[in-house]
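See structure below.
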Amino acid sequence: MRVLFTLLICVAIAITAAGCGDAPNAKITKAKFEKLESGMTYEKATEIIGGEGELMAETGKKGEEMYIVTYQYKGDGLGSNAILVFQGGKLQVKSQNGLK
């Protein structure tokens, strides 16, 4: 399980670094990132951030406990972003790079 989470994060970071994808989504700040807590729902996270993230990866069947989704939110600085991984609808992993 830990390997799967690490793999999903690496894939999301690699895609981000390559500059792939459009991001018409909400931006995230370090203050908003710090309010996110493990076990929080995606809906609560989007409420805190102010909008939806860009879907980067998805595995499993929606509605099942092993359904895992990875979202990216961009920050204001060049290359700044946050990656959020949800399993079974709950925040399991969060990471950020360069948020202000």
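Each chain of the structure tokens is named A, B, ... in the order shown, its residues numbered from 1; ligands are numbered from 1 in display order.
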
- Task: May I have the residues within 7 Å of region 59-70 of chain A as a PyMOL selection string, using only C-alpha atoms and disregarding those fewer than 6 positions away in the same chain?
- Result: chain A and resi 83-88

- Query: What does the distance from CA of Leu36 (chain A) to CA of Asp76 (chain A) come to in Å, to one decimal?
  - Reply: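 One can read the CA of Leu36 (chain A) to CA of Asp76 (chain A) distance as 18.2 Å.
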
- DSSP strand (DSSP E or B) residues within region 23-98 of chain A, listed as a PyMOL selection string: chain A and resi 27+41+54-59+68-74+81-87+90-97

- Message: Report as an NGL selection string all protein, DNA and RNA residues lying within 9 Å of region 39-55 of chain A, evaluated on only C-alpha atoms, omitting residues in the same chain fewer than 6 positions from it.
- Response: :A and (21-29 or 32-33 or 69-74 or 84 or 86 or 89-92)

Preceding selection exported with C-alpha atoms as a JSON list (two decimals), in the first residue's frame:
[["chain", "number", "residue", "atom", "x", "y", "z"],
["A", 21, "GLY", "CA", -2.18, 19.42, -18.62],
["A", 22, "ASP", "CA", -4.33, 22.49, -18.30],
["A", 23, "ALA", "CA", -5.11, 23.79, -14.85],
["A", 24, "PRO", "CA", -8.34, 25.80, -14.82],
["A", 25, "ASN", "CA", -8.62, 24.91, -11.16],
["A", 26, "ALA", "CA", -8.31, 26.69, -7.83],
["A", 27, "LYS", "CA", -4.90, 27.83, -6.60],
["A", 28, "ILE", "CA", -3.59, 26.81, -3.20],
["A", 29, "THR", "CA", -1.57, 28.75, -0.64],
["A", 32, "LYS", "CA", -4.73, 26.65, 3.01],
["A", 33, "PHE", "CA", -2.43, 23.62, 2.66],
["A", 69, "VAL", "CA", -7.36, 9.50, -6.58],
["A", 70, "THR", "CA", -4.55, 12.03, -6.80],
["A", 71, "TYR", "CA", -5.21, 15.74, -7.34],
["A", 72, "GLN", "CA", -2.84, 18.60, -8.05],
["A", 73, "TYR", "CA", -3.34, 22.21, -7.07],
["A", 74, "LYS", "CA", -1.03, 24.90, -8.40],
["A", 84, "LEU", "CA", -3.34, 15.44, -2.46],
["A", 86, "PHE", "CA", -7.45, 10.41, -1.31],
["A", 89, "GLY", "CA", -12.84, 9.46, -0.10],
["A", 90, "LYS", "CA", -10.46, 10.47, 2.71],
["A", 91, "LEU", "CA", -7.22, 12.45, 2.53],
["A", 92, "GLN", "CA", -4.29, 10.09, 3.11]]
